[in-house]
Structure formats: C-alpha cells, structure tokens
$ cat my_file06.cif   # mmCIF, C-alpha atoms and all ligand atoms
data_input
loop_
_atom_site.group_PDB
_atom_site.id
_atom_site.type_symbol
_atom_site.label_atom_id
_atom_site.label_comp_id
_atom_site.auth_asym_id
_atom_site.auth_seq_id
_atom_site.Cartn_x
_atom_site.Cartn_y
_atom_site.Cartn_z
ATOM 1 C CA MET A 1 5.548 -24.623 -1.887
ATOM 2 C CA SER A 2 3.057 -21.774 -1.465
ATOM 3 C CA VAL A 3 0.242 -21.881 1.117
ATOM 4 C CA HIS A 4 -2.345 -20.897 -1.518
ATOM 5 C CA SER A 5 -3.042 -22.356 -4.935
ATOM 6 C CA GLU A 6 -2.432 -20.469 -8.195
ATOM 7 C CA ASN A 7 -6.065 -19.595 -8.869
ATOM 8 C CA LYS A 8 -7.633 -19.359 -5.425
ATOM 9 C CA ARG A 9 -8.357 -15.877 -4.071
ATOM 10 C CA VAL A 10 -5.985 -14.707 -1.332
ATOM 11 C CA THR A 11 -7.915 -13.875 1.854
ATOM 12 C CA THR A 12 -6.978 -12.551 5.276
ATOM 13 C CA HIS A 13 -6.985 -16.208 6.394
ATOM 14 C CA THR A 14 -4.451 -17.078 3.674
ATOM 15 C CA LEU A 15 -2.119 -14.419 5.080
ATOM 16 C CA GLN A 16 -2.482 -15.882 8.572
ATOM 17 C CA SER A 17 -1.658 -19.374 7.239
ATOM 18 C CA MET A 18 1.369 -17.927 5.450
ATOM 19 C CA LYS A 19 2.662 -16.458 8.708
ATOM 20 C CA ASN A 20 1.948 -19.706 10.575
ATOM 21 C CA GLN A 21 3.898 -21.689 7.967
ATOM 22 C CA GLY A 22 6.746 -19.197 7.608
ATOM 23 C CA GLU A 23 5.948 -18.112 4.028
ATOM 24 C CA LYS A 24 6.731 -14.418 3.482
ATOM 25 C CA ILE A 25 3.930 -12.153 2.230
ATOM 26 C CA SER A 26 4.469 -9.909 -0.828
ATOM 27 C CA MET A 27 2.515 -6.662 -1.041
ATOM 28 C CA LEU A 28 2.724 -3.686 -3.430
ATOM 29 C CA THR A 29 0.667 -0.572 -3.932
ATOM 30 C CA ALA A 30 -1.562 -0.169 -6.999
ATOM 31 C CA TYR A 31 -3.861 2.633 -8.086
ATOM 32 C CA ASP A 32 -5.170 1.749 -11.548
ATOM 33 C CA PHE A 33 -6.636 -1.101 -13.625
ATOM 34 C CA SER A 34 -3.711 -1.802 -15.975
ATOM 35 C CA MET A 35 -0.993 -2.017 -13.319
ATOM 36 C CA ALA A 36 -3.255 -3.974 -10.954
ATOM 37 C CA ARG A 37 -3.706 -6.571 -13.715
ATOM 38 C CA ILE A 38 0.053 -6.928 -14.279
ATOM 39 C CA LEU A 39 0.862 -7.148 -10.553
ATOM 40 C CA ASP A 40 -1.955 -9.648 -9.945
ATOM 41 C CA ASP A 41 -0.891 -11.786 -12.940
ATOM 42 C CA SER A 42 2.667 -11.715 -11.534
ATOM 43 C CA GLY A 43 1.403 -13.447 -8.379
ATOM 44 C CA ILE A 44 1.460 -10.669 -5.793
ATOM 45 C CA ASP A 45 -0.284 -11.692 -2.525
ATOM 46 C CA VAL A 46 -1.729 -8.292 -1.547
ATOM 47 C CA LEU A 47 -2.398 -5.042 -3.425
ATOM 48 C CA LEU A 48 -2.686 -1.926 -1.310
ATOM 49 C CA VAL A 49 -4.588 0.997 -2.790
ATOM 50 C CA GLY A 50 -2.448 3.327 -0.717
ATOM 51 C CA ASP A 51 -3.103 6.956 0.015
ATOM 52 C CA SER A 52 0.399 7.364 -1.466
ATOM 53 C CA ALA A 53 -1.747 7.858 -4.599
ATOM 54 C CA SER A 54 -1.809 11.434 -3.331
ATOM 55 C CA ASN A 55 1.971 11.607 -3.981
ATOM 56 C CA VAL A 56 2.639 9.361 -6.953
ATOM 57 C CA MET A 57 -0.616 9.740 -8.902
ATOM 58 C CA ALA A 58 -1.702 13.285 -8.052
ATOM 59 C CA GLY A 59 1.704 14.909 -7.388
ATOM 60 C CA HIS A 60 0.956 16.238 -3.903
ATOM 61 C CA GLU A 61 3.783 16.660 -1.421
ATOM 62 C CA THR A 62 1.937 14.685 1.297
ATOM 63 C CA THR A 63 -0.821 12.080 1.585
ATOM 64 C CA LEU A 64 -3.158 14.535 3.297
ATOM 65 C CA PRO A 65 -5.057 16.054 0.329
ATOM 66 C CA ILE A 66 -6.484 12.851 -1.195
ATOM 67 C CA THR A 67 -10.223 12.441 -0.579
ATOM 68 C CA LEU A 68 -12.402 9.413 0.150
ATOM 69 C CA ASP A 69 -14.088 9.792 -3.263
ATOM 70 C CA GLN A 70 -10.682 9.772 -4.978
ATOM 71 C CA MET A 71 -9.569 6.684 -3.009
ATOM 72 C CA ILE A 72 -12.786 4.930 -4.032
ATOM 73 C CA TYR A 73 -12.130 5.789 -7.701
ATOM 74 C CA HIS A 74 -8.603 4.278 -7.498
ATOM 75 C CA ALA A 75 -9.905 1.241 -5.583
ATOM 76 C CA GLN A 76 -12.646 0.557 -8.153
ATOM 77 C CA SER A 77 -10.019 0.532 -10.926
ATOM 78 C CA VAL A 78 -7.745 -1.864 -9.007
ATOM 79 C CA VAL A 79 -10.625 -4.201 -8.136
ATOM 80 C CA ARG A 80 -11.523 -4.452 -11.848
ATOM 81 C CA GLY A 81 -7.901 -5.379 -12.677
ATOM 82 C CA ALA A 82 -7.077 -7.972 -9.990
ATOM 83 C CA GLN A 83 -8.758 -11.386 -9.792
ATOM 84 C CA ARG A 84 -6.598 -13.274 -7.323
ATOM 85 C CA CYS A 85 -4.858 -11.102 -4.705
ATOM 86 C CA LEU A 86 -6.286 -9.559 -1.535
ATOM 87 C CA ILE A 87 -7.132 -5.866 -2.081
ATOM 88 C CA VAL A 88 -6.692 -3.504 0.879
ATOM 89 C CA VAL A 89 -7.619 0.188 0.667
ATOM 90 C CA ASP A 90 -6.318 3.047 2.822
ATOM 91 C CA LEU A 91 -8.810 5.214 4.685
ATOM 92 C CA PRO A 92 -7.555 8.698 3.748
ATOM 93 C CA PHE A 93 -6.755 11.510 6.163
ATOM 94 C CA GLY A 94 -9.919 13.137 7.505
ATOM 95 C CA SER A 95 -12.195 10.187 6.781
ATOM 96 C CA TYR A 96 -11.871 8.401 10.141
ATOM 97 C CA GLN A 97 -10.200 10.546 12.799
ATOM 98 C CA GLY A 98 -13.406 12.367 13.842
ATOM 99 C CA ASN A 99 -15.164 9.476 15.567
ATOM 100 C CA SER A 100 -15.867 5.762 15.174
ATOM 101 C CA LYS A 101 -19.161 6.361 13.320
ATOM 102 C CA GLU A 102 -17.368 8.447 10.681
ATOM 103 C CA ALA A 103 -14.676 5.743 10.446
ATOM 104 C CA LEU A 104 -17.299 3.017 9.972
ATOM 105 C CA ASN A 105 -19.164 5.021 7.302
ATOM 106 C CA SER A 106 -15.919 5.570 5.372
ATOM 107 C CA ALA A 107 -14.988 1.887 5.593
ATOM 108 C CA ILE A 108 -18.451 0.841 4.424
ATOM 109 C CA ARG A 109 -18.269 3.188 1.423
ATOM 110 C CA ILE A 110 -14.941 1.616 0.385
ATOM 111 C CA MET A 111 -16.291 -1.935 0.711
ATOM 112 C CA LYS A 112 -19.639 -1.182 -0.983
ATOM 113 C CA GLU A 113 -18.634 1.230 -3.754
ATOM 114 C CA ALA A 114 -15.222 -0.225 -4.648
ATOM 115 C CA GLY A 115 -15.660 -3.920 -3.823
ATOM 116 C CA ALA A 116 -12.450 -3.963 -1.746
ATOM 117 C CA HIS A 117 -11.671 -6.778 0.703
ATOM 118 C CA ALA A 118 -10.237 -4.835 3.666
ATOM 119 C CA ILE A 119 -9.225 -1.363 4.785
ATOM 120 C CA LYS A 120 -6.060 0.033 6.378
ATOM 121 C CA LEU A 121 -5.782 2.986 8.728
ATOM 122 C CA GLU A 122 -2.948 4.680 10.595
ATOM 123 C CA GLY A 123 -2.504 4.959 14.349
ATOM 124 C CA GLY A 124 -2.588 3.093 17.666
ATOM 125 C CA GLU A 125 -4.545 3.673 20.870
ATOM 126 C CA GLU A 126 -6.341 6.724 19.439
ATOM 127 C CA VAL A 127 -8.042 4.691 16.679
ATOM 128 C CA VAL A 128 -8.799 1.479 18.585
ATOM 129 C CA ASP A 129 -12.514 2.279 19.106
ATOM 130 C CA SER A 130 -12.913 2.957 15.385
ATOM 131 C CA ILE A 131 -11.114 -0.271 14.494
ATOM 132 C CA LYS A 132 -13.399 -2.297 16.787
ATOM 133 C CA ARG A 133 -16.508 -0.694 15.303
ATOM 134 C CA ILE A 134 -15.372 -1.311 11.714
ATOM 135 C CA ILE A 135 -14.486 -4.944 12.455
ATOM 136 C CA SER A 136 -17.802 -5.505 14.246
ATOM 137 C CA ALA A 137 -19.496 -4.538 10.959
ATOM 138 C CA GLY A 138 -17.579 -7.365 9.253
ATOM 139 C CA VAL A 139 -14.831 -5.307 7.600
ATOM 140 C CA PRO A 140 -11.254 -6.617 8.044
ATOM 141 C CA VAL A 141 -8.791 -3.945 9.228
ATOM 142 C CA MET A 142 -5.026 -3.702 8.695
ATOM 143 C CA GLY A 143 -3.188 -1.432 11.174
ATOM 144 C CA HIS A 144 -0.261 0.890 10.390
ATOM 145 C CA LEU A 145 2.350 2.003 12.962
ATOM 146 C CA GLY A 146 5.843 3.547 12.947
ATOM 147 C CA LEU A 147 6.113 6.300 10.354
ATOM 148 C CA THR A 148 2.511 7.314 9.740
ATOM 149 C CA PRO A 149 2.581 9.800 6.824
ATOM 150 C CA GLN A 150 -0.857 11.256 7.634
ATOM 151 C CA SER A 151 0.701 12.714 10.842
ATOM 152 C CA ILE A 152 3.715 14.216 9.082
ATOM 153 C CA TYR A 153 2.992 17.745 10.330
ATOM 154 C CA LYS A 154 2.883 16.511 13.940
ATOM 155 C CA PHE A 155 6.351 14.908 13.680
ATOM 156 C CA GLY A 156 7.845 17.284 11.101
ATOM 157 C CA THR A 157 10.140 14.678 9.534
ATOM 158 C CA TYR A 158 10.145 11.384 7.610
ATOM 159 C CA ALA A 159 13.072 10.085 9.745
ATOM 160 C CA VAL A 160 13.214 6.549 11.205
ATOM 161 C CA ARG A 161 10.696 6.141 14.051
ATOM 162 C CA ALA A 162 10.895 4.418 17.467
ATOM 163 C CA LYS A 163 14.675 4.530 17.814
ATOM 164 C CA LYS A 164 14.464 5.481 21.508
ATOM 165 C CA ALA A 165 13.536 2.802 24.065
ATOM 166 C CA ASP A 166 10.369 4.571 25.282
ATOM 167 C CA GLU A 167 9.115 5.052 21.693
ATOM 168 C CA ALA A 168 9.835 1.397 20.911
ATOM 169 C CA GLU A 169 7.902 0.309 24.024
ATOM 170 C CA GLN A 170 4.975 2.519 23.010
ATOM 171 C CA LEU A 171 4.988 1.051 19.492
ATOM 172 C CA MET A 172 4.956 -2.477 20.932
ATOM 173 C CA ARG A 173 2.040 -1.580 23.243
ATOM 174 C CA ASN A 174 0.109 -0.130 20.294
ATOM 175 C CA ALA A 175 0.861 -3.195 18.145
ATOM 176 C CA GLU A 176 -0.602 -5.453 20.849
ATOM 177 C CA LEU A 177 -3.631 -3.162 21.202
ATOM 178 C CA LEU A 178 -4.300 -3.357 17.459
ATOM 179 C CA GLN A 179 -4.021 -7.147 17.509
ATOM 180 C CA ASP A 180 -6.363 -7.353 20.522
ATOM 181 C CA ALA A 181 -8.819 -5.012 18.747
ATOM 182 C CA GLY A 182 -9.002 -7.607 15.943
ATOM 183 C CA CYS A 183 -6.723 -6.293 13.160
ATOM 184 C CA PHE A 184 -5.878 -9.115 10.735
ATOM 185 C CA ALA A 185 -2.430 -7.675 9.932
ATOM 186 C CA LEU A 186 -0.175 -4.752 10.706
ATOM 187 C CA VAL A 187 2.085 -2.549 8.554
ATOM 188 C CA LEU A 188 5.246 -1.211 10.215
ATOM 189 C CA GLU A 189 6.916 1.687 8.404
ATOM 190 C CA LYS A 190 10.518 2.869 8.806
ATOM 191 C CA ILE A 191 11.556 1.507 12.189
ATOM 192 C CA PRO A 192 14.727 -0.299 13.341
ATOM 193 C CA ALA A 193 14.954 -3.882 12.006
ATOM 194 C CA ALA A 194 15.397 -5.341 15.514
ATOM 195 C CA LEU A 195 12.122 -3.755 16.644
ATOM 196 C CA GLY A 196 10.323 -4.967 13.502
ATOM 197 C CA GLN A 197 11.454 -8.516 14.229
ATOM 198 C CA LYS A 198 10.447 -8.252 17.902
ATOM 199 C CA VAL A 199 6.932 -7.082 16.977
ATOM 200 C CA ALA A 200 6.568 -9.869 14.378
ATOM 201 C CA GLU A 201 7.718 -12.483 16.925
ATOM 202 C CA THR A 202 5.412 -11.123 19.640
ATOM 203 C CA LEU A 203 2.252 -10.796 17.551
ATOM 204 C CA SER A 204 0.398 -13.791 16.159
ATOM 205 C CA ILE A 205 -1.032 -11.754 13.213
ATOM 206 C CA PRO A 206 1.106 -11.057 10.094
ATOM 207 C CA VAL A 207 3.393 -8.010 10.295
ATOM 208 C CA ILE A 208 4.297 -6.453 6.938
ATOM 209 C CA GLY A 209 7.191 -4.008 6.793
ATOM 210 C CA ILE A 210 8.342 -1.096 4.666
ATOM 211 C CA GLY A 211 11.769 -0.136 5.943
ATOM 212 C CA ALA A 212 11.240 -2.403 8.970
ATOM 213 C CA GLY A 213 13.923 -5.001 8.167
ATOM 214 C CA GLY A 214 13.869 -8.639 7.123
ATOM 215 C CA GLY A 215 12.576 -10.123 10.384
ATOM 216 C CA VAL A 216 8.921 -9.270 9.702
ATOM 217 C CA ASP A 217 6.386 -11.549 7.975
ATOM 218 C CA GLY A 218 6.231 -9.729 4.637
ATOM 219 C CA GLN A 219 7.292 -6.660 2.683
ATOM 220 C CA VAL A 220 5.450 -3.808 1.001
ATOM 221 C CA LEU A 221 6.818 -1.168 -1.379
ATOM 222 C CA VAL A 222 5.235 1.658 -3.324
ATOM 223 C CA MET A 223 4.986 0.350 -6.897
ATOM 224 C CA HIS A 224 6.291 3.555 -8.506
ATOM 225 C CA ASP A 225 9.405 3.447 -6.306
ATOM 226 C CA MET A 226 10.293 -0.221 -6.867
ATOM 227 C CA LEU A 227 9.762 0.069 -10.630
ATOM 228 C CA GLY A 228 11.977 3.154 -10.805
ATOM 229 C CA LEU A 229 9.287 5.534 -12.041
ATOM 230 C CA ASN A 230 10.606 8.043 -9.485
ATOM 231 C CA LYS A 231 14.206 9.116 -9.918
ATOM 232 C CA ASP A 232 14.315 11.467 -6.971
ATOM 233 C CA PHE A 233 13.251 9.157 -4.083
ATOM 234 C CA SER A 234 16.016 6.858 -2.803
ATOM 235 C CA PRO A 235 15.516 5.896 0.839
ATOM 236 C CA ARG A 236 17.818 3.182 2.200
ATOM 237 C CA PHE A 237 14.990 0.620 2.399
ATOM 238 C CA LEU A 238 14.109 0.872 -1.308
ATOM 239 C CA ARG A 239 15.308 -1.748 -3.797
ATOM 240 C CA ARG A 240 14.643 -0.777 -7.431
ATOM 241 C CA TYR A 241 13.678 -3.714 -9.662
ATOM 242 C CA ALA A 242 13.426 -1.706 -12.896
ATOM 243 C CA SER A 243 14.266 1.746 -14.259
ATOM 244 C CA LEU A 244 10.965 2.592 -15.891
ATOM 245 C CA TYR A 245 11.627 6.325 -15.862
ATOM 246 C CA ASP A 246 14.566 5.748 -18.244
ATOM 247 C CA THR A 247 12.698 3.109 -20.279
ATOM 248 C CA VAL A 248 9.689 5.378 -20.834
ATOM 249 C CA HIS A 249 11.891 8.427 -21.456
ATOM 250 C CA GLU A 250 13.817 6.562 -24.160
ATOM 251 C CA ALA A 251 10.666 5.103 -25.769
ATOM 252 C CA VAL A 252 8.933 8.490 -25.917
ATOM 253 C CA GLY A 253 12.107 10.096 -27.275
ATOM 254 C CA ASN A 254 12.177 7.506 -30.092
ATOM 255 C CA TYR A 255 8.473 8.061 -30.834
ATOM 256 C CA ILE A 256 8.967 11.835 -31.102
ATOM 257 C CA LYS A 257 11.967 11.320 -33.377
ATOM 258 C CA ASP A 258 9.990 8.941 -35.656
ATOM 259 C CA VAL A 259 7.004 11.315 -35.891
ATOM 260 C CA LYS A 260 9.168 14.325 -36.691
ATOM 261 C CA SER A 261 11.206 12.410 -39.296
ATOM 262 C CA ARG A 262 7.985 11.012 -40.878
ATOM 263 C CA ASP A 263 9.277 7.447 -40.228
ATOM 264 C CA PHE A 264 6.058 6.714 -38.300
ATOM 265 C CA PRO A 265 3.625 5.560 -39.551
ATOM 266 C CA ASN A 266 5.082 3.426 -42.327
ATOM 267 C CA GLU A 267 3.169 1.603 -45.105
ATOM 268 C CA GLN A 268 2.213 -1.323 -42.851
ATOM 269 C CA GLU A 269 0.985 0.976 -40.098
ATOM 270 C CA GLN A 270 -1.766 2.660 -42.092
ATOM 271 C CA TYR A 271 -5.010 1.721 -43.917
HETATM 272 O O1 LIG B 1 -0.026 4.546 1.172
HETATM 273 C C1 LIG B 1 0.907 3.727 1.105
HETATM 274 O O2 LIG B 1 1.542 3.527 0.072
HETATM 275 C C2 LIG B 1 1.250 2.986 2.324
HETATM 276 C C3 LIG B 1 2.458 2.116 2.274
HETATM 277 C C4 LIG B 1 3.668 2.939 2.415
HETATM 278 C C5 LIG B 1 2.412 1.035 3.293
HETATM 279 O O3 LIG B 1 0.594 3.104 3.308
#
$ encode --input "my_file06.cif" --output "structure tokens"
Amino acid sequence: MSVHSENKRVTTHTLQSMKNQGEKISMLTAYDFSMARILDDSGIDVLLVGDSASNVMAGHETTLPITLDQMIYHAQSVVRGAQRCLIVVDLPFGSYQGNSKEALNSAIRIMKEAGAHAIKLEGGEEVVDSIKRIISAGVPVMGHLGLTPQSIYKFGTYAVRAKKADEAEQLMRNAELLQDAGCFALVLEKIPAALGQKVAETLSIPVIGIGAGGGVDGQVLVMHDMLGLNKDFSPRFLRRYASLYDTVHEAVGNYIKDVKSRDFPNEQEQY
C-alpha cells in the first residue's frame, strides 16, 4: 500500500512519510513535456530536471555548459507535462557558487518562471549558507553528495567516491550538515553501498541513490540511460528497462524503406 493516493500531488512531506513508513522512493530525470507526461502517468514519485540535460539533450561532454535559462526552459516543459509527481530542478553550474544571494536569485527564478516545487544543488559545507538562505525564502532544497559532476575537473574522474575512510567520514559530516541546514532530501551518487546505507540510517530525511546501493531510501536514474537511448554508457549501477535506441533505429529504418519504395502513404493515409 502506497503512502500517497493515486491522484494527490506528491510533496516533500509525502517523501518524508514514505521514508518513515519504509516505502522506497522512485525518481527519474525528465527534460521535456512528452516524456514528463509518460513518466508521471506511470506513477513516478519524483521527476528531476537534471543538469544531465547538458549531456543527454544538448550533447555536451559535461554538465558544466548548461545555463540557468536553458534549465528553466526544460523545467517549464516538464511542469506542463506532469500533474502528480514532485518536480525538482537542478541549479546549474555557475548559478549558485558565487554567493548565497546569487544562489537565492537562481532558485527564485526556477520557482517563479518554471513553476517547479524544489531545487537541487551539489556540494556540502561550501554551499550550506546558500542552502539556508534559499530555504529561508520558502524554497525546498535537495542536496547532492558523492560524485558531483559539476566538479568533474577538480577530481578528474567519474570513479566511485568516498572509498577511503577519511572521505567516507567527510561525506557523512556533510550529509549531517545538509540535513541540519534544512534539506528535505539528499542524493548520493556513486559511493559504496555500505556507506549509502549508513547515511540513510543516520539521517532522518530521505536519501536517494544513484549507484549508492540498495540500502538507501530511493533510487534515481537518468531516463535516457534506463530506457536504453544511450548505447555507449554502461556503468555497473545502471539497469536498462528498454532498448529504445534499437526500437527507434528499427522504426526509422522501416519508415525510410516505406518512403523510398512508395509504400507510404497508401490509399487510406491520404485525402
Ligand atoms: O543531473 C542529473 O541527472 C542528476 C542525477 C544523476 C541525480 O543530478
């Protein structure tokens, strides 16, 4: 039995009740109206308008180039498509690191111009002041620790994070700081499963993992990866639920064949 009813909007409070009652949280990324509608109709709890749009929608190598205006455009499309789930939007690189006033202004633009329900940002201690300022303006904040793709050039690799004891202790300290600052949930990316479970057991807020094992309170995947739209990205944590690259490739191949052979359109497909 689910904590929330079929038609009622999922809120940050729903997620907290789900954690309290042991119901796992499902979250996927979305970037456009049509997919948001399908994912929402399928019953997803949370849609994240991730800055991974920079990779999967715009074709950039990293998440760094995407702008606040572009994130707002994606978020507006998702908000129009989803009626039931909670919609969280990433603050993109360069829109919050300067100072807490810049962070607040960026968060307010996302809430006001896109109609989102919450924002997510990456980092620990260094972003706590910004998180407090955003929350004090009434905007719910989701934290993000472990592999933080906006800092890829600092670390130089997408390898598993916090494998060493001192790094794991630092991650735990940061997780507690984010909870104390008022975050309603936390994403943990690509860390050992045992550490993911320890953080989820220590924190009272929901902890949602991507490559953080099964002991956390929920899971998030990038929609393009789990639907098999990408053939060339196969990290260990990814489970593919469809092979849409092959499905689309075959469908388009058949369309081309039918056009060239004059099979399409037939009598019934014209006026
Ligand atoms: O941008 C994104 O897709 C994310 C997820 C990987 C959590 O932040």
$ axis_aligned_box --input "my_file06.cif" --around "ligand LIG 1 (chain B)" --padding-each-side "3 Å" --output "JSON"
{"center_x": 1.8, "center_y": 2.8, "center_z": 1.7, "size_x": 9.7, "size_y": 9.5, "size_z": 9.2}
$ resolve_selection --input "my_file06.cif" --expression "the PyMOL selection byres (((not hetatm)) within 10 of (chain B and resi 1))" --output "JSON, numbers by chain"
{"A": [27, 28, 29, 30, 31, 48, 49, 50, 51, 52, 53, 54, 55, 56, 63, 89, 90, 91, 92, 120, 121, 122, 143, 144, 145, 147, 148, 149, 150, 186, 187, 188, 189, 190, 208, 209, 210, 211, 219, 220, 221, 222, 223, 224]}
$ residues_around --input "my_file06.cif" --residues "stretch 100-106 of chain A" --least-positions-apart "4" --cutoff "12 Å" --atoms "only C-alpha atoms" --output "number ranges by chain"
A: 67-69, 71-72, 89-96, 110-114, 118-122, 126-141
$ closest_residue --input "my_file06.cif" --among "A:Glu167, A:Asp40, A:Glu201, A:Asp263" --to "A:Val79" --atoms "only C-alpha atoms"
A:Asp40
$ atom_distance --input "my_file06.cif" --atom1 "atom CA of A:Ile38" --atom2 "atom CA of A:Ala82"
8.4 Å
$ atom_distance --input "my_file06.cif" --atom1 "atom CA of A:Ala168" --atom2 "atom CA of A:Phe155"
15.7 Å
$ resolve_selection --input "my_file06.cif" --expression "the PyMOL selection byres (((chain A and resi 77) around 9) and not hetatm)" --output "list in words"
Tyr31, Asp32, Phe33, Ser34, Ala36, Ile72, Tyr73, His74, Ala75, Gln76, Val78, Val79, Arg80, Gly81 and Ala114 of chain A
$ residues_around --input "my_file06.cif" --residues "A:Ala185" --least-positions-apart "4" --cutoff "6 Å" --atoms "all atoms listed in the file" --output "list in words"
Met142, Ile205, Pro206 and Val207 of chain A
$ atom_distance --input "my_file06.cif" --atom1 "atom CA of A:Gly215" --atom2 "atom CA of A:Gly196"
6.4 Å
$ resolve_selection --input "my_file06.cif" --expression "the PyMOL selection byres (((chain A and resi 195) around 9) and not hetatm)" --output "PDB file with C-alpha atoms, keeping the file's coordinate frame"
ATOM      1  CA  ALA A 162      10.895   4.418  17.467  1.00  0.00           C
ATOM      2  CA  LYS A 163      14.675   4.530  17.814  1.00  0.00           C
ATOM      3  CA  ALA A 168       9.835   1.397  20.911  1.00  0.00           C
ATOM      4  CA  MET A 172       4.956  -2.477  20.932  1.00  0.00           C
ATOM      5  CA  ILE A 191      11.556   1.507  12.189  1.00  0.00           C
ATOM      6  CA  PRO A 192      14.727  -0.299  13.341  1.00  0.00           C
ATOM      7  CA  ALA A 193      14.954  -3.882  12.006  1.00  0.00           C
ATOM      8  CA  ALA A 194      15.397  -5.341  15.514  1.00  0.00           C
ATOM      9  CA  GLY A 196      10.323  -4.967  13.502  1.00  0.00           C
ATOM     10  CA  GLN A 197      11.454  -8.516  14.229  1.00  0.00           C
ATOM     11  CA  LYS A 198      10.447  -8.252  17.902  1.00  0.00           C
ATOM     12  CA  VAL A 199       6.932  -7.082  16.977  1.00  0.00           C
ATOM     13  CA  ALA A 200       6.568  -9.869  14.378  1.00  0.00           C
ATOM     14  CA  ALA A 212      11.240  -2.403   8.970  1.00  0.00           C
ATOM     15  CA  GLY A 213      13.923  -5.001   8.167  1.00  0.00           C
ATOM     16  CA  GLY A 215      12.576 -10.123  10.384  1.00  0.00           C
TER      17      GLY A 215
END
$ closest_residue --input "my_file06.cif" --among "A:Leu227, A:Gln70, A:Phe264, A:Val248" --to "A:Met35" --atoms "all atoms listed in the file"
A:Leu227
$ closest_residue --input "my_file06.cif" --among "A:Cys85, A:Arg240, A:Ser42, A:Val216" --to "A:Thr202" --atoms "all atoms listed in the file"
A:Val216
$ closest_residue --input "my_file06.cif" --among "A:Gly124, A:Gly218, A:Gly115, A:Gly59" --to "A:Ile25" --atoms "only C-alpha atoms"
A:Gly218
$ closest_residue --input "my_file06.cif" --among "A:Val252, A:Ala107, A:Ala159, A:Ile44" --to "A:Leu86" --atoms "all atoms listed in the file"
A:Ile44
$ build_atoms --input "my_file06.cif" --residues "stretch 93-112 of chain A" --atoms "N, CA and C atoms" --output "short mmCIF file (atom, residue, chain, number, x, y, z; two decimals), in the coordinates of the input"
data_model
loop_
_atom_site.label_atom_id
_atom_site.label_comp_id
_atom_site.auth_asym_id
_atom_site.auth_seq_id
_atom_site.Cartn_x
_atom_site.Cartn_y
_atom_site.Cartn_z
N PHE A 93 -6.75 10.52 5.08
CA PHE A 93 -6.76 11.51 6.16
C PHE A 93 -8.09 12.27 6.17
N GLY A 94 -8.67 12.38 7.36
CA GLY A 94 -9.92 13.14 7.50
C GLY A 94 -11.16 12.30 7.32
N SER A 95 -11.00 11.01 7.01
CA SER A 95 -12.20 10.19 6.78
C SER A 95 -12.49 9.26 7.95
N TYR A 96 -11.64 9.31 9.01
CA TYR A 96 -11.87 8.40 10.14
C TYR A 96 -11.46 8.96 11.49
N GLN A 97 -10.73 10.06 11.52
CA GLN A 97 -10.20 10.55 12.80
C GLN A 97 -11.27 11.19 13.68
N GLY A 98 -12.38 11.63 13.08
CA GLY A 98 -13.41 12.37 13.84
C GLY A 98 -14.04 11.55 14.95
N ASN A 99 -14.58 10.39 14.58
CA ASN A 99 -15.16 9.48 15.57
C ASN A 99 -15.39 8.12 14.90
N SER A 100 -15.79 7.13 15.70
CA SER A 100 -15.87 5.76 15.17
C SER A 100 -17.00 5.61 14.16
N LYS A 101 -18.05 6.46 14.28
CA LYS A 101 -19.16 6.36 13.32
C LYS A 101 -18.69 6.83 11.94
N GLU A 102 -17.92 7.94 11.94
CA GLU A 102 -17.37 8.45 10.68
C GLU A 102 -16.44 7.39 10.06
N ALA A 103 -15.61 6.77 10.92
CA ALA A 103 -14.68 5.74 10.45
C ALA A 103 -15.44 4.58 9.82
N LEU A 104 -16.51 4.13 10.50
CA LEU A 104 -17.30 3.02 9.97
C LEU A 104 -17.94 3.39 8.64
N ASN A 105 -18.52 4.60 8.55
CA ASN A 105 -19.16 5.02 7.30
C ASN A 105 -18.16 5.05 6.15
N SER A 106 -16.94 5.51 6.42
CA SER A 106 -15.92 5.57 5.37
C SER A 106 -15.53 4.16 4.93
N ALA A 107 -15.36 3.27 5.92
CA ALA A 107 -14.99 1.89 5.59
C ALA A 107 -16.09 1.22 4.77
N ILE A 108 -17.33 1.45 5.15
CA ILE A 108 -18.45 0.84 4.42
C ILE A 108 -18.51 1.37 2.99
N ARG A 109 -18.26 2.65 2.79
CA ARG A 109 -18.27 3.19 1.42
C ARG A 109 -17.21 2.49 0.57
N ILE A 110 -16.02 2.27 1.15
CA ILE A 110 -14.94 1.62 0.38
C ILE A 110 -15.32 0.18 0.02
N MET A 111 -15.92 -0.54 0.98
CA MET A 111 -16.29 -1.94 0.71
C MET A 111 -17.42 -2.00 -0.32
N LYS A 112 -18.43 -1.14 -0.14
CA LYS A 112 -19.64 -1.18 -0.98
C LYS A 112 -19.40 -0.62 -2.38
#
